[in-house]
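Student: Take a look at data.pdb, PDB, C-alpha atoms:
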```
ATOM      1  CA  MET A 208     102.935 118.753 105.690
ATOM      2  CA  LYS A 209     101.251 121.779 107.227
ATOM      3  CA  VAL A 210      98.059 123.050 105.585
ATOM      4  CA  ALA A 211      96.951 126.628 106.070
ATOM      5  CA  ALA A 212      93.651 126.862 107.977
ATOM      6  CA  LEU A 213      90.676 127.807 105.835
ATOM      7  CA  ARG A 214      88.872 130.996 106.839
ATOM      8  CA  ILE A 215      85.195 130.116 107.449
ATOM      9  CA  PRO A 216      82.913 132.648 105.739
ATOM     10  CA  PRO A 217      80.598 134.607 108.079
ATOM     11  CA  LEU A 218      77.521 133.061 106.422
ATOM     12  CA  LEU A 219      78.844 129.524 107.092
ATOM     13  CA  LEU A 220      79.617 130.385 110.718
ATOM     14  CA  ALA A 221      76.168 131.918 111.273
ATOM     15  CA  ILE A 222      74.369 128.881 109.848
ATOM     16  CA  GLY A 223      76.499 126.541 111.978
ATOM     17  CA  LEU A 224      75.677 128.474 115.154
ATOM     18  CA  ALA A 225      71.982 128.532 114.315
ATOM     19  CA  LEU A 226      71.819 124.846 113.510
ATOM     20  CA  SER A 227      72.491 123.450 117.012
ATOM     21  CA  PRO A 228      69.309 124.744 118.718
ATOM     22  CA  LEU A 229      67.239 123.761 115.675
ATOM     23  CA  ALA A 230      68.619 120.230 115.818
ATOM     24  CA  GLY A 231      67.896 119.954 119.492
ATOM     25  CA  ALA A 232      64.342 121.167 119.064
ATOM     26  CA  ALA A 233      63.471 119.246 115.920
ATOM     27  CA  GLU A 234      61.117 116.295 116.188
ATOM     28  CA  ASP A 235      62.819 114.464 113.306
ATOM     29  CA  PRO A 236      65.869 112.521 114.697
ATOM     30  CA  ALA A 237      67.510 112.798 111.263
ATOM     31  CA  VAL A 238      68.391 116.425 112.046
ATOM     32  CA  ALA A 239      70.582 115.401 114.972
ATOM     33  CA  GLN A 240      72.118 112.499 113.075
ATOM     34  CA  LEU A 241      73.012 114.574 110.006
ATOM     35  CA  THR A 242      74.323 117.406 112.159
ATOM     36  CA  GLN A 243      76.544 114.918 114.005
ATOM     37  CA  ARG A 244      77.987 113.691 110.679
ATOM     38  CA  LEU A 245      78.888 117.234 109.673
ATOM     39  CA  MET A 246      80.422 117.891 113.075
ATOM     40  CA  ALA A 247      82.587 114.775 112.619
ATOM     41  CA  ILE A 248      84.068 116.329 109.465
ATOM     42  CA  GLN A 249      84.772 119.618 111.250
ATOM     43  CA  ALA A 250      86.379 117.768 114.189
ATOM     44  CA  ASN A 251      88.907 116.077 111.896
ATOM     45  CA  PRO A 252      91.911 118.464 111.695
ATOM     46  CA  ASP A 253      92.890 117.041 108.289
ATOM     47  CA  ALA A 254      89.440 117.610 106.787
ATOM     48  CA  SER A 255      88.032 120.645 108.601
ATOM     49  CA  GLU A 256      89.011 123.053 105.831
ATOM     50  CA  LEU A 257      87.975 120.837 102.888
ATOM     51  CA  ALA A 258      84.737 120.921 100.829
ATOM     52  CA  ALA A 259      83.546 124.134 102.495
ATOM     53  CA  TYR A 260      80.910 124.825  99.829
ATOM     54  CA  GLU A 261      79.472 121.296  99.979
ATOM     55  CA  ARG A 262      79.329 121.443 103.805
ATOM     56  CA  LEU A 263      77.562 124.796 103.613
ATOM     57  CA  GLN A 264      74.942 123.296 101.287
ATOM     58  CA  ALA A 265      74.507 120.364 103.686
ATOM     59  CA  GLN A 266      74.040 122.711 106.657
ATOM     60  CA  GLN A 267      71.468 124.696 104.752
ATOM     61  CA  ALA A 268      69.611 121.465 103.835
ATOM     62  CA  ILE A 269      69.616 120.339 107.502
ATOM     63  CA  ALA A 270      68.274 123.730 108.549
ATOM     64  CA  ALA A 271      65.526 123.400 105.932
ATOM     65  CA  LEU A 272      64.696 119.920 107.299
ATOM     66  CA  ALA A 273      64.455 121.243 110.849
ATOM     67  CA  ASN A 274      61.930 123.872 109.726
ATOM     68  CA  ALA A 275      60.041 121.720 107.184
ATOM     69  CA  LYS A 276      56.330 121.204 107.444
ATOM     70  CA  ARG A 277      55.049 117.666 107.908
ATOM     71  CA  ARG A 278      53.996 117.257 104.280
ATOM     72  CA  ASP A 279      57.523 118.231 103.119
ATOM     73  CA  LEU A 280      59.496 116.134 105.627
ATOM     74  CA  ASP A 281      60.283 113.178 103.351
ATOM     75  CA  GLN A 282      61.619 115.362 100.562
ATOM     76  CA  ALA A 283      63.564 117.606 102.955
ATOM     77  CA  ARG A 284      65.026 114.560 104.770
ATOM     78  CA  TYR A 285      66.101 112.986 101.475
ATOM     79  CA  LEU A 286      67.699 116.237 100.265
ATOM     80  CA  ALA A 287      69.522 116.804 103.558
ATOM     81  CA  ASP A 288      70.852 113.233 103.596
ATOM     82  CA  ARG A 289      72.121 113.569 100.005
ATOM     83  CA  ARG A 290      73.787 116.916 100.771
ATOM     84  CA  VAL A 291      75.584 115.458 103.799
ATOM     85  CA  GLU A 292      76.655 112.425 101.775
ATOM     86  CA  ILE A 293      77.993 114.710  99.017
ATOM     87  CA  ALA A 294      79.958 116.708 101.602
ATOM     88  CA  GLU A 295      81.455 113.530 103.095
ATOM     89  CA  THR A 296      82.342 112.180  99.646
ATOM     90  CA  SER A 297      83.925 115.496  98.622
ATOM     91  CA  VAL A 298      86.058 115.498 101.780
ATOM     92  CA  ARG A 299      87.206 111.922 101.182
ATOM     93  CA  ALA A 300      88.051 112.739  97.568
ATOM     94  CA  ALA A 301      90.036 115.828  98.582
ATOM     95  CA  LEU A 302      91.950 113.848 101.209
ATOM     96  CA  ALA A 303      92.733 111.143  98.664
ATOM     97  CA  LYS A 304      93.932 113.730  96.124
ATOM     98  CA  ARG A 305      96.161 115.321  98.754
ATOM     99  CA  GLU A 306      97.624 111.911  99.625
ATOM    100  CA  VAL A 307      98.297 111.111  95.952
ATOM    101  CA  ALA A 308     100.106 114.439  95.518
ATOM    102  CA  THR A 309     102.236 113.727  98.592
ATOM    103  CA  LEU A 310     103.104 110.253  97.302
ATOM    104  CA  GLU A 311     104.031 111.634  93.871
ATOM    105  CA  ARG A 312     106.385 114.193  95.430
ATOM    106  CA  THR A 313     107.962 111.491  97.591
ATOM    107  CA  ARG A 314     108.406 109.227  94.563
ATOM    108  CA  SER A 315     110.039 111.995  92.557
ATOM    109  CA  ASP A 316     112.414 112.808  95.431
ATOM    110  CA  LEU A 317     113.361 109.136  95.762
ATOM    111  CA  LEU A 318     114.055 108.800  92.031
ATOM    112  CA  ILE A 319     116.302 111.862  92.020
ATOM    113  CA  GLU A 320     118.179 110.696  95.109
ATOM    114  CA  ALA A 321     118.666 107.200  93.672
ATOM    115  CA  SER A 322     119.960 108.673  90.414
ATOM    116  CA  ARG A 323     122.415 110.882  92.300
ATOM    117  CA  ARG A 324     123.718 107.942  94.303
ATOM    118  CA  ASP A 325     124.172 105.833  91.155
ATOM    119  CA  ALA A 326     125.978 108.684  89.405
ATOM    120  CA  GLN A 327     128.255 109.207  92.413
ATOM    121  CA  ARG A 328     129.146 105.508  92.507
ATOM    122  CA  ALA A 329     129.860 105.536  88.775
ATOM    123  CA  ARG A 330     132.135 108.586  89.142
ATOM    124  CA  GLN A 331     133.994 106.888  92.005
ATOM    125  CA  GLU A 332     134.432 103.721  89.936
ATOM    126  CA  SER A 333     135.644 105.772  86.977
ATOM    127  CA  GLU A 334     138.230 107.493  89.175
ATOM    128  CA  ARG A 335     139.372 104.174  90.671
ATOM    129  CA  LEU A 336     139.876 102.695  87.205
ATOM    130  CA  ARG A 337     141.705 105.817  86.050
ATOM    131  CA  VAL A 338     144.175 105.533  88.944
ATOM    132  CA  GLN A 339     144.476 101.807  88.373
ATOM    133  CA  ALA A 340     145.173 102.423  84.694
ATOM    134  CA  GLN A 341     147.841 104.981  85.559
ATOM    135  CA  ILE A 342     149.527 102.590  87.998
ATOM    136  CA  GLN A 343     149.328  99.798  85.443
ATOM    137  CA  ALA A 344     150.844 102.004  82.754
ATOM    138  CA  GLU A 345     153.725 103.012  85.048
ATOM    139  CA  GLU A 346     154.392  99.401  85.972
ATOM    140  CA  SER A 347     154.269  98.319  82.335
ATOM    141  CA  GLU A 348     156.770 101.042  81.421
ATOM    142  CA  ARG A 349     159.131  99.828  84.127
ATOM    143  CA  LEU A 350     158.910  96.288  82.797
ATOM    144  CA  ARG A 351     159.523  97.471  79.236
ATOM    145  CA  LEU A 352     162.690  99.372  80.202
ATOM    146  CA  ALA A 353     163.965  96.427  82.265
ATOM    147  CA  ALA A 354     163.492  94.085  79.295
ATOM    148  CA  GLU A 355     165.402  96.258  76.770
ATOM    149  CA  THR A 356     168.632  94.293  77.346
ATOM    150  CA  GLU A 357     167.136  91.221  75.799
ATOM    151  CA  ALA A 358     165.209  91.285  72.527
ATOM    152  CA  LEU A 359     162.923  88.376  73.276
ATOM    153  CA  ALA A 360     162.077  89.685  76.752
ATOM    154  CA  ARG A 361     161.401  93.139  75.268
ATOM    155  CA  GLN A 362     159.068  91.638  72.673
ATOM    156  CA  ASP A 363     157.162  89.680  75.345
ATOM    157  CA  ALA A 364     156.912  92.762  77.563
ATOM    158  CA  GLU A 365     155.631  94.925  74.706
ATOM    159  CA  THR A 366     153.022  92.295  73.827
ATOM    160  CA  ALA A 367     151.855  92.221  77.433
ATOM    161  CA  LEU A 368     151.789  96.019  77.470
ATOM    162  CA  THR A 369     149.566  96.206  74.421
ATOM    163  CA  SER A 370     147.144  93.635  75.792
ATOM    164  CA  VAL A 371     146.891  95.153  79.275
ATOM    165  CA  ALA A 372     146.675  98.737  78.045
ATOM    166  CA  GLY A 373     143.974  97.845  75.504
ATOM    167  CA  LYS A 374     141.816  96.064  78.069
ATOM    168  CA  GLN A 375     142.306  98.776  80.656
ATOM    169  CA  THR A 376     141.507 101.523  78.148
ATOM    170  CA  ALA A 377     138.344  99.680  77.112
ATOM    171  CA  ARG A 378     137.240  99.313  80.744
ATOM    172  CA  LEU A 379     138.010 102.946  81.483
ATOM    173  CA  SER A 380     136.098 104.087  78.393
ATOM    174  CA  ALA A 381     133.106 101.917  79.352
ATOM    175  CA  ALA A 382     133.136 103.287  82.903
ATOM    176  CA  GLN A 383     133.346 106.887  81.661
ATOM    177  CA  GLN A 384     130.462 106.355  79.230
ATOM    178  CA  ASN A 385     128.383 104.725  81.979
ATOM    179  CA  ALA A 386     129.104 107.676  84.273
ATOM    180  CA  ALA A 387     128.075 110.042  81.467
ATOM    181  CA  LYS A 388     124.849 108.067  80.912
ATOM    182  CA  LEU A 389     123.915 108.254  84.594
ATOM    183  CA  ALA A 390     124.825 111.946  84.702
ATOM    184  CA  ARG A 391     122.547 112.576  81.683
ATOM    185  CA  GLU A 392     119.680 110.778  83.428
ATOM    186  CA  GLU A 393     120.229 112.794  86.608
ATOM    187  CA  ALA A 394     120.382 116.063  84.656
ATOM    188  CA  GLU A 395     117.090 115.283  82.897
ATOM    189  CA  LEU A 396     115.384 114.312  86.174
ATOM    190  CA  VAL A 397     116.567 117.404  88.052
ATOM    191  CA  SER A 398     115.888 119.872  85.225
ATOM    192  CA  GLY A 399     112.656 118.281  84.020
ATOM    193  CA  ASN A 400     113.873 118.609  80.398
ATOM    194  CA  LYS A 401     115.447 116.333  77.789
ATOM    195  CA  LEU A 402     119.061 116.741  76.716
ATOM    196  CA  PRO A 403     119.849 117.234  73.021
ATOM    197  CA  GLY A 404     121.263 114.256  71.145
ATOM    198  CA  SER A 405     124.930 113.451  71.840
ATOM    199  CA  LYS A 406     127.839 111.333  70.631
ATOM    200  CA  PHE A 407     131.544 110.781  71.395
ATOM    201  CA  ASP A 408     134.136 111.502  68.707
ATOM    202  CA  SER A 409     137.742 112.679  68.490
ATOM    203  CA  ARG A 410     136.734 116.134  69.726
ATOM    204  CA  GLY A 411     135.136 114.790  72.928
ATOM    205  CA  GLU A 412     131.442 114.534  73.859
ATOM    206  CA  VAL A 413     129.309 116.459  71.352
ATOM    207  CA  PHE A 414     125.712 117.598  71.984
ATOM    208  CA  THR A 415     123.817 118.616  68.830
ATOM    209  CA  PHE A 416     120.910 121.072  68.744
ATOM    210  CA  ALA A 417     118.567 120.370  65.832
ATOM    211  CA  GLY A 418     117.452 122.896  63.201
ATOM    212  CA  ASP A 419     114.304 123.825  65.154
ATOM    213  CA  ALA A 420     116.412 125.164  68.047
ATOM    214  CA  PHE A 421     116.282 128.570  66.323
ATOM    215  CA  ALA A 422     113.753 130.274  64.104
ATOM    216  CA  SER A 423     114.840 130.594  60.472
ATOM    217  CA  GLY A 424     117.472 133.324  60.158
ATOM    218  CA  LYS A 425     117.152 134.247  63.871
ATOM    219  CA  GLY A 426     119.617 134.084  66.748
ATOM    220  CA  ALA A 427     117.216 133.516  69.676
ATOM    221  CA  LEU A 428     116.638 130.054  71.156
ATOM    222  CA  SER A 429     113.224 128.421  70.763
ATOM    223  CA  GLY A 430     111.273 127.346  73.831
ATOM    224  CA  GLY A 431     112.243 123.703  73.377
ATOM    225  CA  ALA A 432     115.921 124.583  72.949
ATOM    226  CA  LYS A 433     115.848 126.617  76.181
ATOM    227  CA  GLY A 434     114.682 123.509  78.031
ATOM    228  CA  GLN A 435     117.457 121.453  76.416
ATOM    229  CA  ALA A 436     119.997 124.125  77.408
ATOM    230  CA  LYS A 437     118.760 123.976  81.011
ATOM    231  CA  ALA A 438     119.223 120.181  81.081
ATOM    232  CA  LEU A 439     122.682 120.540  79.473
ATOM    233  CA  ALA A 440     123.719 123.113  82.097
ATOM    234  CA  GLU A 441     122.697 120.671  84.829
ATOM    235  CA  TYR A 442     124.760 117.949  83.111
ATOM    236  CA  LEU A 443     127.823 120.212  82.865
ATOM    237  CA  ASN A 444     127.575 121.086  86.553
ATOM    238  CA  ILE A 445     127.154 117.460  87.716
ATOM    239  CA  GLY A 446     130.409 115.945  86.557
ATOM    240  CA  LYS A 447     131.819 117.510  83.397
ATOM    241  CA  LYS A 448     134.491 119.987  84.496
ATOM    242  CA  GLY A 449     136.427 120.515  81.249
ATOM    243  CA  ARG A 450     136.246 123.420  78.816
ATOM    244  CA  VAL A 451     133.260 123.693  76.500
ATOM    245  CA  ARG A 452     133.164 125.031  72.935
ATOM    246  CA  ILE A 453     129.894 126.212  71.379
ATOM    247  CA  GLU A 454     129.625 126.287  67.578
ATOM    248  CA  ALA A 455     126.496 127.547  65.806
ATOM    249  CA  TYR A 456     125.670 127.750  62.095
ATOM    250  CA  ASP A 457     123.693 129.885  59.667
ATOM    251  CA  ALA A 458     124.241 131.003  56.087
ATOM    252  CA  ALA A 459     123.517 134.661  56.949
ATOM    253  CA  ALA A 460     126.478 136.711  58.143
ATOM    254  CA  GLY A 461     126.598 137.131  61.922
ATOM    255  CA  VAL A 462     123.616 134.896  62.723
ATOM    256  CA  GLY A 463     125.806 131.924  63.614
ATOM    257  CA  GLN A 464     127.669 134.078  66.155
ATOM    258  CA  GLN A 465     124.371 135.332  67.608
ATOM    259  CA  ARG A 466     123.142 131.773  68.021
ATOM    260  CA  ALA A 467     126.351 130.669  69.719
ATOM    261  CA  GLU A 468     126.148 133.613  72.124
ATOM    262  CA  ALA A 469     122.454 132.969  72.861
ATOM    263  CA  LEU A 470     123.263 129.357  73.727
ATOM    264  CA  ARG A 471     126.182 130.468  75.904
ATOM    265  CA  ASP A 472     123.956 132.966  77.761
ATOM    266  CA  ALA A 473     121.352 130.236  78.398
ATOM    267  CA  LEU A 474     124.011 127.932  79.897
ATOM    268  CA  VAL A 475     125.461 130.715  82.038
ATOM    269  CA  GLY A 476     121.964 131.682  83.177
ATOM    270  CA  ALA A 477     121.439 128.067  84.298
ATOM    271  CA  GLY A 478     124.595 128.090  86.444
ATOM    272  CA  VAL A 479     127.552 127.174  84.182
ATOM    273  CA  SER A 480     130.682 129.273  84.745
ATOM    274  CA  ALA A 481     131.212 131.642  81.825
ATOM    275  CA  SER A 482     134.989 131.074  82.015
ATOM    276  CA  ARG A 483     134.501 127.501  80.787
ATOM    277  CA  LEU A 484     132.656 128.484  77.613
ATOM    278  CA  GLN A 485     134.046 129.458  74.200
ATOM    279  CA  VAL A 486     131.735 130.508  71.366
ATOM    280  CA  SER A 487     132.211 130.391  67.612
ATOM    281  CA  GLY A 488     129.720 131.361  64.903
ATOM    282  CA  LYS A 489     130.066 129.575  61.559
ATOM    283  CA  LYS A 490     128.830 131.031  58.271
ATOM    284  CA  ALA A 491     127.452 127.740  57.019
ATOM    285  CA  ALA A 492     123.931 126.570  56.340
ATOM    286  CA  ALA A 493     122.135 125.064  59.321
ATOM    287  CA  THR A 494     120.354 121.785  58.606
ATOM    288  CA  LYS A 495     117.284 120.086  59.990
ATOM    289  CA  ALA A 496     119.578 117.856  62.042
ATOM    290  CA  ARG A 497     122.081 120.498  63.212
ATOM    291  CA  SER A 498     121.991 124.195  63.968
ATOM    292  CA  ALA A 499     124.508 124.254  66.863
ATOM    293  CA  GLU A 500     126.931 121.954  68.678
ATOM    294  CA  VAL A 501     128.234 122.011  72.254
ATOM    295  CA  ILE A 502     131.583 120.195  72.453
ATOM    296  CA  ILE A 503     132.912 119.063  75.846
ATOM    297  CA  ALA A 504     136.661 118.504  75.725
ATOM    298  CA  PRO A 505     137.791 115.038  76.895
TER     299      PRO A 505
END
```
Starting from the file, give its structure as structure tokens.
Tutor:
Amino acid sequence: MKVAALRIPPLLLAIGLALSPLAGAAEDPAVAQLTQRLMAIQANPDASELAAYERLQAQQAIAALANAKRRDLDQARYLADRRVEIAETSVRAALAKREVATLERTRSDLLIEASRRDAQRARQESERLRVQAQIQAEESERLRLAAETEALARQDAETALTSVAGKQTARLSAAQQNAAKLAREEAELVSGNKLPGSKFDSRGEVFTFAGDAFASGKGALSGGAKGQAKALAEYLNIGKKGRVRIEAYDAAAGVGQQRAEALRDALVGAGVSASRLQVSGKKAAATKARSAEVIIAP
């Protein structure tokens, strides 16, 4: 990671230039030793721009030591040593903080990438099972037609059909729900927001925005609901390609439609194609648990 070079203030530069001859001429060897410690910080390309204020204070303390009278030497030496130590500690702390930030970014990138890979594998497995289910259904149909000439054979074939189709449907449903779970996790990681609560029913996958998604009697989304809409848009763009119906509720005339349109605009603004979205406002009282629903067709 490249770090922009820090501009050294003119005062800092002037003190640094003046310090070398003073150190050379000083009787106290501590001047040279402390100056060397500061120069070691400046020579390190990773630390040369850090703790500029603390290094300036240290340079000023060394300069004061070089010019101190004999009776003040002990105090000046102690102060200069502490100032240099503070500068070194500040540099080490800044370097450690920079390293922690780099590690956090790397960790976040790795988590997102791992989630994407898991979601991709789940989608591939879901597609493989779907094709397998289709092939199995076609083969079962062929067996059923071939067994129509004999009642007992037909009964056995139909029993086998029911068993195979039920198991395959259950596996396909489990794979689809697992893919949806991984896609939800990826959407929340990428967007940095939580999805609204969801369930599967006869209509498809239904996401429910709670009553606090809108102010009472208003059509605009709250701040929290905007974050949920951003996460939902990410989810829709990851793997859900079907049509989406938005239904919103309020007892006041027209407010339900306004809420549905506000939610649609938030999804479109986050990258969802407007052609996929249908909106419907309902003149019905919103509840604490539900003020709008986003229904993804199966």
Student: Applying 8 Å and all atoms listed in the file, which residues near segment 257-262 of chain A remain after dropping the ones on its own chain fewer than 6 positions away? List them as JSON, numbers by chain.
Tutor: {"A": [215, 245, 290, 291, 293, 294, 297, 298, 301]}
Student: Any idea what the distance is between atom CA of Arg284 of chain A and atom CA of Thr296 of chain A?
Tutor: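 Straight-line distance from atom CA of Arg284 of chain A to atom CA of Thr296 of chain A works out to 18.2 Å.
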Student: Which residues are close to segment 496-501 of chain A, i.e. within 7 Å by only C-alpha atoms, leaving aside same-chain residues fewer than 5 positions away? Reply as a list in words.
Tutor: Val413, Phe414, Thr415, Phe416, Ala417, Gly418, Ala420, Val451, Arg452, Ile453, Glu454, Ala455 and Tyr456 of chain A
Student: Can you work out the spacing between atom CA of Ala344 of chain A and atom CA of Ala382 of chain A in Å, to one decimal?
Tutor: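 Separation of atom CA of Ala344 of chain A and atom CA of Ala382 of chain A: 17.8 Å.
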Student: Find the residue from A:Val475, A:Pro505, A:Glu295, A:Ala381 that sits nearest to Ala247 of chain A; use only C-alpha atoms when measuring.
Tutor: A:Glu295
Student: Looking at only C-alpha atoms, which of A:Ala287, A:Ala394, A:Leu484, A:Ala273 is the one that sits closest to Ala467 of chain A?
Tutor: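 Of A:Ala287, A:Ala394, A:Leu484, A:Ala273, the one nearest Ala467 of chain A is A:Leu484, counting only C-alpha atoms.
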Student: What does the distance from atom CA of Arg277 of chain A to atom CA of Arg244 of chain A come to in Å, to one decimal?
Tutor: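 Separating atom CA of Arg277 of chain A from atom CA of Arg244 of chain A is a distance of 23.4 Å.
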Student: Would you write out, as a list in words, every residue that the PyMOL selection byres ((chain A and resi 461) around 12) captures in this file?
Tutor: Gly424, Lys425, Gly426, Ala455, Tyr456, Asp457, Ala458, Ala459, Ala460, Val462, Gly463, Gln464, Gln465, Arg466, Ala467, Glu468, Ser487, Gly488, Lys489, Lys490 and Ala491 of chain A
Student: For Ala329 of chain A, which residue among A:Lys388, A:Lys276, A:Arg289, A:Arg471 is the nearest when counting all atoms listed in the file?
Tutor: A:Lys388
Student: Find the spatial neighbours of Ser429 of chain A, counting all atoms listed in the file, within a cut-off of 10 Å - ignore same-chain residues fewer than 5 positions away - and output them as a PyMOL selection string.
Tutor: chain A and resi 419-422+434-435
Student: Can you list, as a PyMOL selection string, the residues that the PyMOL selection byres ((chain A and resi 330-343) around 7) selects here?
Tutor: chain A and resi 326-329+344-347+375+379+382-383+386
Student: Taking the file as I've supplied it (selection: the PyMOL selection byres ((chain A and resi 443-445) around 8)), which residues are included? Please answer as a short mmCIF file (atom, residue, chain, number, x, y, z; two decimals) with C-alpha atoms, in the frame of the given file.
Tutor:
```cif
data_model
loop_
_atom_site.label_atom_id
_atom_site.label_comp_id
_atom_site.auth_asym_id
_atom_site.auth_seq_id
_atom_site.Cartn_x
_atom_site.Cartn_y
_atom_site.Cartn_z
CA ALA A 390 124.82 111.95 84.70
CA ALA A 394 120.38 116.06 84.66
CA LEU A 439 122.68 120.54 79.47
CA ALA A 440 123.72 123.11 82.10
CA GLU A 441 122.70 120.67 84.83
CA TYR A 442 124.76 117.95 83.11
CA GLY A 446 130.41 115.94 86.56
CA LYS A 447 131.82 117.51 83.40
CA LYS A 448 134.49 119.99 84.50
CA GLY A 478 124.60 128.09 86.44
CA VAL A 479 127.55 127.17 84.18
#
```
Student: Would you list the contacts of Ala271 of chain A as a ChimeraX atom specification, taking every protein, DNA or RNA residue within 9 Å and counting all atoms listed in the file, but skipping same-chain residues closer than 3 positions in sequence?
Tutor: /A:266-268,274-275,283-284,287
